[in-house]
$ cat structure11.pdb   # PDB, N, CA and C atoms
ATOM      1  N   MET A 496      17.572  -3.738  -8.367
ATOM      2  CA  MET A 496      16.669  -2.782  -7.792
ATOM      3  C   MET A 496      16.128  -3.316  -6.471
ATOM      4  N   ARG A 497      16.237  -2.538  -5.419
ATOM      5  CA  ARG A 497      15.771  -2.950  -4.095
ATOM      6  C   ARG A 497      14.306  -2.606  -3.922
ATOM      7  N   ARG A 498      13.614  -3.453  -3.222
ATOM      8  CA  ARG A 498      12.204  -3.191  -2.977
ATOM      9  C   ARG A 498      12.038  -2.098  -1.923
ATOM     10  N   GLN A 499      10.874  -1.513  -1.903
ATOM     11  CA  GLN A 499      10.552  -0.493  -0.921
ATOM     12  C   GLN A 499      10.380  -1.167   0.447
ATOM     13  N   ALA A 500      10.853  -0.522   1.512
ATOM     14  CA  ALA A 500      10.731  -1.080   2.856
ATOM     15  C   ALA A 500       9.254  -1.210   3.231
ATOM     16  N   LEU A 501       8.935  -2.261   3.970
ATOM     17  CA  LEU A 501       7.562  -2.462   4.406
ATOM     18  C   LEU A 501       7.229  -1.501   5.544
ATOM     19  N   SER A 502       5.967  -1.111   5.604
ATOM     20  CA  SER A 502       5.483  -0.184   6.624
ATOM     21  C   SER A 502       3.989  -0.447   6.807
ATOM     22  N   PRO A 503       3.353   0.164   7.814
ATOM     23  CA  PRO A 503       1.905  -0.018   7.963
ATOM     24  C   PRO A 503       1.125   0.405   6.712
ATOM     25  N   ASP A 504       1.634   1.375   5.976
ATOM     26  CA  ASP A 504       0.983   1.797   4.738
ATOM     27  C   ASP A 504       1.318   0.896   3.552
ATOM     28  N   ASN A 505       2.401   0.146   3.657
ATOM     29  CA  ASN A 505       2.865  -0.735   2.585
ATOM     30  C   ASN A 505       3.315  -2.069   3.199
ATOM     31  N   PRO A 506       2.360  -2.933   3.659
ATOM     32  CA  PRO A 506       2.730  -4.153   4.377
ATOM     33  C   PRO A 506       2.975  -5.390   3.510
ATOM     34  N   TRP A 507       3.015  -5.237   2.212
ATOM     35  CA  TRP A 507       3.126  -6.392   1.318
ATOM     36  C   TRP A 507       4.341  -6.236   0.416
ATOM     37  N   PRO A 508       5.233  -7.247   0.347
ATOM     38  CA  PRO A 508       6.425  -7.121  -0.486
ATOM     39  C   PRO A 508       6.206  -7.448  -1.959
ATOM     40  N   GLY A 509       4.962  -7.696  -2.344
ATOM     41  CA  GLY A 509       4.699  -8.055  -3.738
ATOM     42  C   GLY A 509       5.188  -9.458  -4.021
ATOM     43  N   LEU A 510       5.933  -9.633  -5.087
ATOM     44  CA  LEU A 510       6.439 -10.954  -5.446
ATOM     45  C   LEU A 510       7.714 -11.325  -4.711
ATOM     46  N   ASP A 511       8.328 -10.366  -4.022
ATOM     47  CA  ASP A 511       9.529 -10.655  -3.241
ATOM     48  C   ASP A 511       9.145 -11.387  -1.961
ATOM     49  N   PRO A 512      10.031 -12.239  -1.444
ATOM     50  CA  PRO A 512       9.712 -12.916  -0.182
ATOM     51  C   PRO A 512       9.848 -11.958   1.001
ATOM     52  N   PHE A 513       9.123 -12.254   2.078
ATOM     53  CA  PHE A 513       9.348 -11.557   3.332
ATOM     54  C   PHE A 513      10.737 -11.950   3.815
ATOM     55  N   ASP A 514      11.389 -11.088   4.595
ATOM     56  CA  ASP A 514      12.671 -11.474   5.182
ATOM     57  C   ASP A 514      12.634 -11.236   6.690
ATOM     58  N   GLU A 515      13.781 -11.396   7.346
ATOM     59  CA  GLU A 515      13.833 -11.315   8.804
ATOM     60  C   GLU A 515      13.304  -9.990   9.340
ATOM     61  N   THR A 516      13.553  -8.913   8.639
ATOM     62  CA  THR A 516      13.111  -7.597   9.107
ATOM     63  C   THR A 516      11.618  -7.373   8.892
ATOM     64  N   ASP A 517      10.964  -8.262   8.164
ATOM     65  CA  ASP A 517       9.541  -8.121   7.853
ATOM     66  C   ASP A 517       8.645  -8.960   8.768
ATOM     67  N   GLN A 518       9.201  -9.541   9.820
ATOM     68  CA  GLN A 518       8.461 -10.474  10.666
ATOM     69  C   GLN A 518       7.163  -9.869  11.185
ATOM     70  N   ALA A 519       7.131  -8.585  11.486
ATOM     71  CA  ALA A 519       5.920  -7.939  12.012
ATOM     72  C   ALA A 519       4.777  -7.949  10.997
ATOM     73  N   TYR A 520       5.095  -8.089   9.719
ATOM     74  CA  TYR A 520       4.081  -8.075   8.658
ATOM     75  C   TYR A 520       3.775  -9.470   8.128
ATOM     76  N   PHE A 521       4.461 -10.474   8.640
ATOM     77  CA  PHE A 521       4.299 -11.852   8.186
ATOM     78  C   PHE A 521       3.299 -12.545   9.100
ATOM     79  N   HIS A 522       2.067 -12.731   8.645
ATOM     80  CA  HIS A 522       0.990 -13.276   9.473
ATOM     81  C   HIS A 522       0.414 -14.546   8.862
ATOM     82  N   GLY A 523      -0.219 -15.340   9.712
ATOM     83  CA  GLY A 523      -0.978 -16.489   9.241
ATOM     84  C   GLY A 523      -0.195 -17.767   9.059
ATOM     85  N   ARG A 524       1.057 -17.792   9.448
ATOM     86  CA  ARG A 524       1.852 -19.015   9.278
ATOM     87  C   ARG A 524       2.473 -19.461  10.599
ATOM     88  N   SER A 525       1.882 -19.092  11.725
ATOM     89  CA  SER A 525       2.486 -19.424  13.017
ATOM     90  C   SER A 525       2.512 -20.930  13.266
ATOM     91  N   ALA A 526       1.475 -21.656  12.857
ATOM     92  CA  ALA A 526       1.474 -23.113  13.034
ATOM     93  C   ALA A 526       2.597 -23.749  12.223
ATOM     94  N   GLU A 527       2.753 -23.325  10.970
ATOM     95  CA  GLU A 527       3.818 -23.864  10.120
ATOM     96  C   GLU A 527       5.194 -23.478  10.662
ATOM     97  N   SER A 528       5.338 -22.239  11.132
ATOM     98  CA  SER A 528       6.612 -21.794  11.700
ATOM     99  C   SER A 528       6.976 -22.623  12.931
ATOM    100  N   GLY A 529       5.996 -22.857  13.790
ATOM    101  CA  GLY A 529       6.232 -23.657  14.989
ATOM    102  C   GLY A 529       6.613 -25.083  14.668
ATOM    103  N   GLU A 530       5.928 -25.685  13.716
ATOM    104  CA  GLU A 530       6.241 -27.063  13.318
ATOM    105  C   GLU A 530       7.631 -27.143  12.680
ATOM    106  N   LEU A 531       7.964 -26.188  11.838
ATOM    107  CA  LEU A 531       9.288 -26.176  11.220
ATOM    108  C   LEU A 531      10.371 -26.007  12.278
ATOM    109  N   LEU A 532      10.162 -25.124  13.235
ATOM    110  CA  LEU A 532      11.132 -24.928  14.318
ATOM    111  C   LEU A 532      11.290 -26.222  15.113
ATOM    112  N   ARG A 533      10.194 -26.898  15.407
ATOM    113  CA  ARG A 533      10.256 -28.167  16.137
ATOM    114  C   ARG A 533      11.075 -29.203  15.368
ATOM    115  N   LEU A 534      10.859 -29.294  14.062
ATOM    116  CA  LEU A 534      11.599 -30.263  13.246
ATOM    117  C   LEU A 534      13.077 -29.916  13.152
ATOM    118  N   VAL A 535      13.386 -28.646  12.991
ATOM    119  CA  VAL A 535      14.790 -28.223  12.894
ATOM    120  C   VAL A 535      15.535 -28.542  14.189
ATOM    121  N   ARG A 536      14.868 -28.346  15.296
ATOM    122  CA  ARG A 536      15.505 -28.639  16.590
ATOM    123  C   ARG A 536      15.652 -30.139  16.827
ATOM    124  N   ARG A 537      14.731 -30.945  16.304
ATOM    125  CA  ARG A 537      14.707 -32.378  16.579
ATOM    126  C   ARG A 537      15.565 -33.198  15.625
ATOM    127  N   GLU A 538      15.613 -32.826  14.352
ATOM    128  CA  GLU A 538      16.258 -33.642  13.323
ATOM    129  C   GLU A 538      17.610 -33.074  12.908
ATOM    130  N   LEU A 539      18.488 -33.951  12.433
ATOM    131  CA  LEU A 539      19.776 -33.505  11.904
ATOM    132  C   LEU A 539      19.608 -32.777  10.570
ATOM    133  N   LEU A 540      18.627 -33.198   9.795
ATOM    134  CA  LEU A 540      18.360 -32.593   8.497
ATOM    135  C   LEU A 540      16.862 -32.390   8.346
ATOM    136  N   THR A 541      16.474 -31.195   7.997
ATOM    137  CA  THR A 541      15.077 -30.886   7.715
ATOM    138  C   THR A 541      15.012 -30.320   6.306
ATOM    139  N   VAL A 542      14.176 -30.885   5.471
ATOM    140  CA  VAL A 542      14.033 -30.448   4.088
ATOM    141  C   VAL A 542      12.664 -29.798   3.924
ATOM    142  N   LEU A 543      12.664 -28.591   3.398
ATOM    143  CA  LEU A 543      11.420 -27.886   3.106
ATOM    144  C   LEU A 543      11.305 -27.802   1.592
ATOM    145  N   PHE A 544      10.262 -28.399   1.060
ATOM    146  CA  PHE A 544      10.093 -28.374  -0.390
ATOM    147  C   PHE A 544       8.638 -28.143  -0.735
ATOM    148  N   GLY A 545       8.418 -27.656  -1.920
ATOM    149  CA  GLY A 545       7.074 -27.408  -2.416
ATOM    150  C   GLY A 545       7.146 -26.645  -3.722
ATOM    151  N   ARG A 546       5.981 -26.457  -4.314
ATOM    152  CA  ARG A 546       5.927 -25.748  -5.596
ATOM    153  C   ARG A 546       6.376 -24.300  -5.432
ATOM    154  N   SER A 547       6.781 -23.731  -6.527
ATOM    155  CA  SER A 547       7.183 -22.333  -6.567
ATOM    156  C   SER A 547       6.007 -21.437  -6.189
ATOM    157  N   GLY A 548       6.273 -20.420  -5.400
ATOM    158  CA  GLY A 548       5.259 -19.436  -5.064
ATOM    159  C   GLY A 548       4.427 -19.745  -3.832
ATOM    160  N   LEU A 549       4.731 -20.813  -3.115
ATOM    161  CA  LEU A 549       3.945 -21.177  -1.940
ATOM    162  C   LEU A 549       4.383 -20.460  -0.661
ATOM    163  N   GLY A 550       5.514 -19.775  -0.696
ATOM    164  CA  GLY A 550       5.968 -19.023   0.475
ATOM    165  C   GLY A 550       7.046 -19.707   1.290
ATOM    166  N   LYS A 551       7.780 -20.632   0.685
ATOM    167  CA  LYS A 551       8.834 -21.342   1.416
ATOM    168  C   LYS A 551       9.904 -20.384   1.909
ATOM    169  N   THR A 552      10.368 -19.489   1.056
ATOM    170  CA  THR A 552      11.415 -18.543   1.430
ATOM    171  C   THR A 552      10.926 -17.598   2.517
ATOM    172  N   SER A 553       9.710 -17.106   2.393
ATOM    173  CA  SER A 553       9.150 -16.232   3.431
ATOM    174  C   SER A 553       9.025 -16.976   4.755
ATOM    175  N   LEU A 554       8.594 -18.236   4.716
ATOM    176  CA  LEU A 554       8.467 -19.028   5.927
ATOM    177  C   LEU A 554       9.824 -19.188   6.606
ATOM    178  N   LEU A 555      10.847 -19.447   5.821
ATOM    179  CA  LEU A 555      12.190 -19.587   6.395
ATOM    180  C   LEU A 555      12.715 -18.263   6.934
ATOM    181  N   LYS A 556      12.632 -17.228   6.140
ATOM    182  CA  LYS A 556      13.227 -15.944   6.530
ATOM    183  C   LYS A 556      12.441 -15.213   7.608
ATOM    184  N   ALA A 557      11.134 -15.087   7.446
ATOM    185  CA  ALA A 557      10.338 -14.308   8.400
ATOM    186  C   ALA A 557       9.688 -15.174   9.474
ATOM    187  N   GLY A 558       9.484 -16.455   9.196
ATOM    188  CA  GLY A 558       8.821 -17.310  10.147
ATOM    189  C   GLY A 558       9.750 -18.111  11.035
ATOM    190  N   LEU A 559      10.951 -18.387  10.547
ATOM    191  CA  LEU A 559      11.881 -19.229  11.317
ATOM    192  C   LEU A 559      13.121 -18.468  11.741
ATOM    193  N   LEU A 560      13.788 -17.804  10.821
ATOM    194  CA  LEU A 560      15.073 -17.182  11.146
ATOM    195  C   LEU A 560      14.958 -16.040  12.130
ATOM    196  N   ASP A 561      13.792 -15.453  12.264
ATOM    197  CA  ASP A 561      13.637 -14.361  13.217
ATOM    198  C   ASP A 561      13.463 -14.861  14.647
ATOM    199  N   ARG A 562      13.115 -16.123  14.798
ATOM    200  CA  ARG A 562      12.937 -16.664  16.149
ATOM    201  C   ARG A 562      14.283 -16.761  16.841
ATOM    202  N   LYS A 563      14.306 -16.448  18.091
ATOM    203  CA  LYS A 563      15.553 -16.503  18.880
ATOM    204  C   LYS A 563      15.904 -17.952  19.164
ATOM    205  N   SER A 564      17.170 -18.261  19.160
ATOM    206  CA  SER A 564      17.683 -19.593  19.516
ATOM    207  C   SER A 564      17.064 -20.694  18.678
ATOM    208  N   VAL A 565      17.258 -20.635  17.377
ATOM    209  CA  VAL A 565      16.673 -21.658  16.491
ATOM    210  C   VAL A 565      17.210 -23.044  16.842
ATOM    211  N   VAL A 566      18.494 -23.163  17.063
ATOM    212  CA  VAL A 566      19.044 -24.489  17.391
ATOM    213  C   VAL A 566      19.572 -24.541  18.791
TER     214      VAL A 566
END
$ encode --input "structure11.pdb" --output "structure tokens"
Amino acid sequence: MRRQALSPDNPWPGLDPFDETDQAYFHGRSAESGELLRLVRRELLTVLFGRSGLGKTSLLKAGLLDRKSVV
């Protein structure tokens, strides 16, 4: 079952992660996105880890992958 598309009336994906198309609704993680982008550009390997439910997938999909020229 696919989730409903995000919109100004429905800006939250619930338990699903944000993805690249949801970048306009993904707020409050710009510092983390910038730091992750800096590490990805600088290091050969960057590992992102943490407990379940902290937003790792959303950070990768909506915070990093939407940025132009990641590498």
$ resolve_selection --input "structure11.pdb" --expression "the PyMOL selection byres ((chain A and resi 500-505) around 8)" --output "PDB file with N, CA and C atoms, in the frame of the given file"
ATOM      1  N   ARG A 497      16.237  -2.538  -5.419  1.00  0.00           N
ATOM      2  CA  ARG A 497      15.771  -2.950  -4.095  1.00  0.00           C
ATOM      3  C   ARG A 497      14.306  -2.606  -3.922  1.00  0.00           C
ATOM      4  N   ARG A 498      13.614  -3.453  -3.222  1.00  0.00           N
ATOM      5  CA  ARG A 498      12.204  -3.191  -2.977  1.00  0.00           C
ATOM      6  C   ARG A 498      12.038  -2.098  -1.923  1.00  0.00           C
ATOM      7  N   GLN A 499      10.874  -1.513  -1.903  1.00  0.00           N
ATOM      8  CA  GLN A 499      10.552  -0.493  -0.921  1.00  0.00           C
ATOM      9  C   GLN A 499      10.380  -1.167   0.447  1.00  0.00           C
ATOM     10  N   PRO A 506       2.360  -2.933   3.659  1.00  0.00           N
ATOM     11  CA  PRO A 506       2.730  -4.153   4.377  1.00  0.00           C
ATOM     12  C   PRO A 506       2.975  -5.390   3.510  1.00  0.00           C
ATOM     13  N   TRP A 507       3.015  -5.237   2.212  1.00  0.00           N
ATOM     14  CA  TRP A 507       3.126  -6.392   1.318  1.00  0.00           C
ATOM     15  C   TRP A 507       4.341  -6.236   0.416  1.00  0.00           C
ATOM     16  N   PRO A 508       5.233  -7.247   0.347  1.00  0.00           N
ATOM     17  CA  PRO A 508       6.425  -7.121  -0.486  1.00  0.00           C
ATOM     18  C   PRO A 508       6.206  -7.448  -1.959  1.00  0.00           C
ATOM     19  N   THR A 516      13.553  -8.913   8.639  1.00  0.00           N
ATOM     20  CA  THR A 516      13.111  -7.597   9.107  1.00  0.00           C
ATOM     21  C   THR A 516      11.618  -7.373   8.892  1.00  0.00           C
ATOM     22  N   ASP A 517      10.964  -8.262   8.164  1.00  0.00           N
ATOM     23  CA  ASP A 517       9.541  -8.121   7.853  1.00  0.00           C
ATOM     24  C   ASP A 517       8.645  -8.960   8.768  1.00  0.00           C
ATOM     25  N   TYR A 520       5.095  -8.089   9.719  1.00  0.00           N
ATOM     26  CA  TYR A 520       4.081  -8.075   8.658  1.00  0.00           C
ATOM     27  C   TYR A 520       3.775  -9.470   8.128  1.00  0.00           C
TER      28      TYR A 520
END
$ residues_near_point --input "structure11.pdb" --point "(7.1, -14.4, 4.4)" --cutoff "6.5 Å" --atoms "only N, CA and C atoms" --output "JSON, numbers by chain"
{"A": [512, 513, 514, 521, 550, 552, 553, 554, 555, 556, 557, 558]}
$ atom_distance --input "structure11.pdb" --atom1 "CA of Leu560 (chain A)" --atom2 "CA of Gln518 (chain A)"
9.4 Å
$ axis_aligned_box --input "structure11.pdb" --around "region 526-543 of chain A" --padding-each-side "3 Å" --output "JSON"
{"center_x": 10.6, "center_y": -27.8, "center_z": 9.2, "size_x": 24.3, "size_y": 18.3, "size_z": 21.2}
$ atom_distance --input "structure11.pdb" --atom1 "atom N of Arg524 (chain A)" --atom2 "atom C of Leu559 (chain A)"
12.3 Å
$ resolve_selection --input "structure11.pdb" --expression "the PyMOL selection byres ((chain A and resi 526-537) around 6)" --output "list in words"
Gly523, Arg524, Ser525, Glu538, Leu539, Thr541, Gly558, Leu559, Val565 and Val566 of chain A
$ select_by_dssp --input "structure11.pdb" --residues "chain A" --states "alpha helix (DSSP H)" --output "list in words"
Ser525, Ala526, Glu527, Ser528, Gly529, Glu530, Leu531, Leu532, Arg533, Leu534, Val535, Arg536, Arg537, Lys551, Thr552 and Ser553 of chain A
$ atom_distance --input "structure11.pdb" --atom1 "CA of Glu515 (chain A)" --atom2 "CA of Leu543 (chain A)"
17.7 Å
$ decode --input "structure11.pdb" --residues "region 496-521 of chain A" --atoms "N, CA, C and O atoms" --output "PDB file, in the first residue's frame"
ATOM      1  N   MET A 496       0.826  -1.174   0.000  1.00  0.00           N
ATOM      2  CA  MET A 496       0.000   0.000   0.000  1.00  0.00           C
ATOM      3  C   MET A 496       0.877   1.246   0.000  1.00  0.00           C
ATOM      4  O   MET A 496       1.771   1.387   0.816  1.00  0.00           O
ATOM      5  N   ARG A 497       0.642   2.146  -0.927  1.00  0.00           N
ATOM      6  CA  ARG A 497       1.431   3.373  -1.037  1.00  0.00           C
ATOM      7  C   ARG A 497       0.848   4.455  -0.152  1.00  0.00           C
ATOM      8  O   ARG A 497      -0.351   4.554   0.000  1.00  0.00           O
ATOM      9  N   ARG A 498       1.714   5.250   0.399  1.00  0.00           N
ATOM     10  CA  ARG A 498       1.246   6.339   1.243  1.00  0.00           C
ATOM     11  C   ARG A 498       0.668   7.466   0.390  1.00  0.00           C
ATOM     12  O   ARG A 498       0.986   7.592  -0.791  1.00  0.00           O
ATOM     13  N   GLN A 499      -0.117   8.296   1.018  1.00  0.00           N
ATOM     14  CA  GLN A 499      -0.697   9.448   0.349  1.00  0.00           C
ATOM     15  C   GLN A 499       0.412  10.481   0.106  1.00  0.00           C
ATOM     16  O   GLN A 499       1.284  10.677   0.951  1.00  0.00           O
ATOM     17  N   ALA A 500       0.386  11.147  -1.048  1.00  0.00           N
ATOM     18  CA  ALA A 500       1.394  12.154  -1.368  1.00  0.00           C
ATOM     19  C   ALA A 500       1.309  13.308  -0.368  1.00  0.00           C
ATOM     20  O   ALA A 500       0.221  13.665   0.095  1.00  0.00           O
ATOM     21  N   LEU A 501       2.459  13.870  -0.033  1.00  0.00           N
ATOM     22  CA  LEU A 501       2.486  14.995   0.889  1.00  0.00           C
ATOM     23  C   LEU A 501       2.019  16.263   0.179  1.00  0.00           C
ATOM     24  O   LEU A 501       2.227  16.438  -1.009  1.00  0.00           O
ATOM     25  N   SER A 502       1.398  17.144   0.944  1.00  0.00           N
ATOM     26  CA  SER A 502       0.878  18.405   0.421  1.00  0.00           C
ATOM     27  C   SER A 502       0.827  19.395   1.584  1.00  0.00           C
ATOM     28  O   SER A 502       1.018  19.005   2.732  1.00  0.00           O
ATOM     29  N   PRO A 503       0.545  20.676   1.319  1.00  0.00           N
ATOM     30  CA  PRO A 503       0.420  21.627   2.429  1.00  0.00           C
ATOM     31  C   PRO A 503      -0.645  21.208   3.449  1.00  0.00           C
ATOM     32  O   PRO A 503      -0.518  21.494   4.638  1.00  0.00           O
ATOM     33  N   ASP A 504      -1.678  20.520   3.003  1.00  0.00           N
ATOM     34  CA  ASP A 504      -2.707  20.033   3.918  1.00  0.00           C
ATOM     35  C   ASP A 504      -2.313  18.738   4.625  1.00  0.00           C
ATOM     36  O   ASP A 504      -2.899  18.385   5.643  1.00  0.00           O
ATOM     37  N   ASN A 505      -1.350  18.024   4.069  1.00  0.00           N
ATOM     38  CA  ASN A 505      -0.896  16.743   4.613  1.00  0.00           C
ATOM     39  C   ASN A 505       0.638  16.690   4.543  1.00  0.00           C
ATOM     40  O   ASN A 505       1.200  15.993   3.711  1.00  0.00           O
ATOM     41  N   PRO A 506       1.359  17.455   5.419  1.00  0.00           N
ATOM     42  CA  PRO A 506       2.815  17.554   5.311  1.00  0.00           C
ATOM     43  C   PRO A 506       3.614  16.495   6.075  1.00  0.00           C
ATOM     44  O   PRO A 506       4.823  16.592   6.167  1.00  0.00           O
ATOM     45  N   TRP A 507       2.963  15.495   6.608  1.00  0.00           N
ATOM     46  CA  TRP A 507       3.648  14.512   7.452  1.00  0.00           C
ATOM     47  C   TRP A 507       3.434  13.112   6.897  1.00  0.00           C
ATOM     48  O   TRP A 507       2.301  12.691   6.683  1.00  0.00           O
ATOM     49  N   PRO A 508       4.511  12.326   6.683  1.00  0.00           N
ATOM     50  CA  PRO A 508       4.346  10.988   6.125  1.00  0.00           C
ATOM     51  C   PRO A 508       3.987   9.915   7.146  1.00  0.00           C
ATOM     52  O   PRO A 508       3.942   8.736   6.814  1.00  0.00           O
ATOM     53  N   GLY A 509       3.753  10.317   8.387  1.00  0.00           N
ATOM     54  CA  GLY A 509       3.442   9.325   9.417  1.00  0.00           C
ATOM     55  C   GLY A 509       4.683   8.541   9.783  1.00  0.00           C
ATOM     56  O   GLY A 509       5.743   9.116  10.001  1.00  0.00           O
ATOM     57  N   LEU A 510       4.583   7.233   9.808  1.00  0.00           N
ATOM     58  CA  LEU A 510       5.725   6.395  10.162  1.00  0.00           C
ATOM     59  C   LEU A 510       6.654   6.126   8.992  1.00  0.00           C
ATOM     60  O   LEU A 510       7.747   5.598   9.184  1.00  0.00           O
ATOM     61  N   ASP A 511       6.232   6.476   7.779  1.00  0.00           N
ATOM     62  CA  ASP A 511       7.090   6.303   6.609  1.00  0.00           C
ATOM     63  C   ASP A 511       8.163   7.385   6.594  1.00  0.00           C
ATOM     64  O   ASP A 511       7.935   8.497   7.062  1.00  0.00           O
ATOM     65  N   PRO A 512       9.336   7.087   6.032  1.00  0.00           N
ATOM     66  CA  PRO A 512      10.368   8.127   5.953  1.00  0.00           C
ATOM     67  C   PRO A 512      10.034   9.147   4.866  1.00  0.00           C
ATOM     68  O   PRO A 512       9.311   8.844   3.914  1.00  0.00           O
ATOM     69  N   PHE A 513      10.559  10.361   5.023  1.00  0.00           N
ATOM     70  CA  PHE A 513      10.505  11.332   3.944  1.00  0.00           C
ATOM     71  C   PHE A 513      11.379  10.795   2.820  1.00  0.00           C
ATOM     72  O   PHE A 513      12.325  10.053   3.061  1.00  0.00           O
ATOM     73  N   ASP A 514      11.089  11.173   1.574  1.00  0.00           N
ATOM     74  CA  ASP A 514      11.973  10.783   0.478  1.00  0.00           C
ATOM     75  C   ASP A 514      12.365  12.020  -0.327  1.00  0.00           C
ATOM     76  O   ASP A 514      12.057  13.145   0.061  1.00  0.00           O
ATOM     77  N   GLU A 515      13.045  11.807  -1.451  1.00  0.00           N
ATOM     78  CA  GLU A 515      13.576  12.921  -2.233  1.00  0.00           C
ATOM     79  C   GLU A 515      12.497  13.911  -2.657  1.00  0.00           C
ATOM     80  O   GLU A 515      12.739  15.111  -2.698  1.00  0.00           O
ATOM     81  N   THR A 516      11.323  13.426  -2.969  1.00  0.00           N
ATOM     82  CA  THR A 516      10.244  14.309  -3.422  1.00  0.00           C
ATOM     83  C   THR A 516       9.604  15.083  -2.276  1.00  0.00           C
ATOM     84  O   THR A 516       8.840  16.007  -2.519  1.00  0.00           O
ATOM     85  N   ASP A 517       9.938  14.741  -1.044  1.00  0.00           N
ATOM     86  CA  ASP A 517       9.349  15.383   0.132  1.00  0.00           C
ATOM     87  C   ASP A 517      10.246  16.469   0.731  1.00  0.00           C
ATOM     88  O   ASP A 517       9.971  16.982   1.805  1.00  0.00           O
ATOM     89  N   GLN A 518      11.318  16.839   0.046  1.00  0.00           N
ATOM     90  CA  GLN A 518      12.308  17.759   0.599  1.00  0.00           C
ATOM     91  C   GLN A 518      11.674  19.059   1.078  1.00  0.00           C
ATOM     92  O   GLN A 518      12.085  19.610   2.092  1.00  0.00           O
ATOM     93  N   ALA A 519      10.655  19.559   0.406  1.00  0.00           N
ATOM     94  CA  ALA A 519      10.009  20.820   0.797  1.00  0.00           C
ATOM     95  C   ALA A 519       9.334  20.720   2.165  1.00  0.00           C
ATOM     96  O   ALA A 519       9.116  21.739   2.821  1.00  0.00           O
ATOM     97  N   TYR A 520       9.016  19.511   2.603  1.00  0.00           N
ATOM     98  CA  TYR A 520       8.332  19.302   3.884  1.00  0.00           C
ATOM     99  C   TYR A 520       9.276  18.805   4.973  1.00  0.00           C
ATOM    100  O   TYR A 520       8.868  18.600   6.103  1.00  0.00           O
ATOM    101  N   PHE A 521      10.533  18.595   4.631  1.00  0.00           N
ATOM    102  CA  PHE A 521      11.528  18.075   5.565  1.00  0.00           C
ATOM    103  C   PHE A 521      12.271  19.252   6.181  1.00  0.00           C
ATOM    104  O   PHE A 521      13.127  19.860   5.550  1.00  0.00           O
TER     105      PHE A 521
END
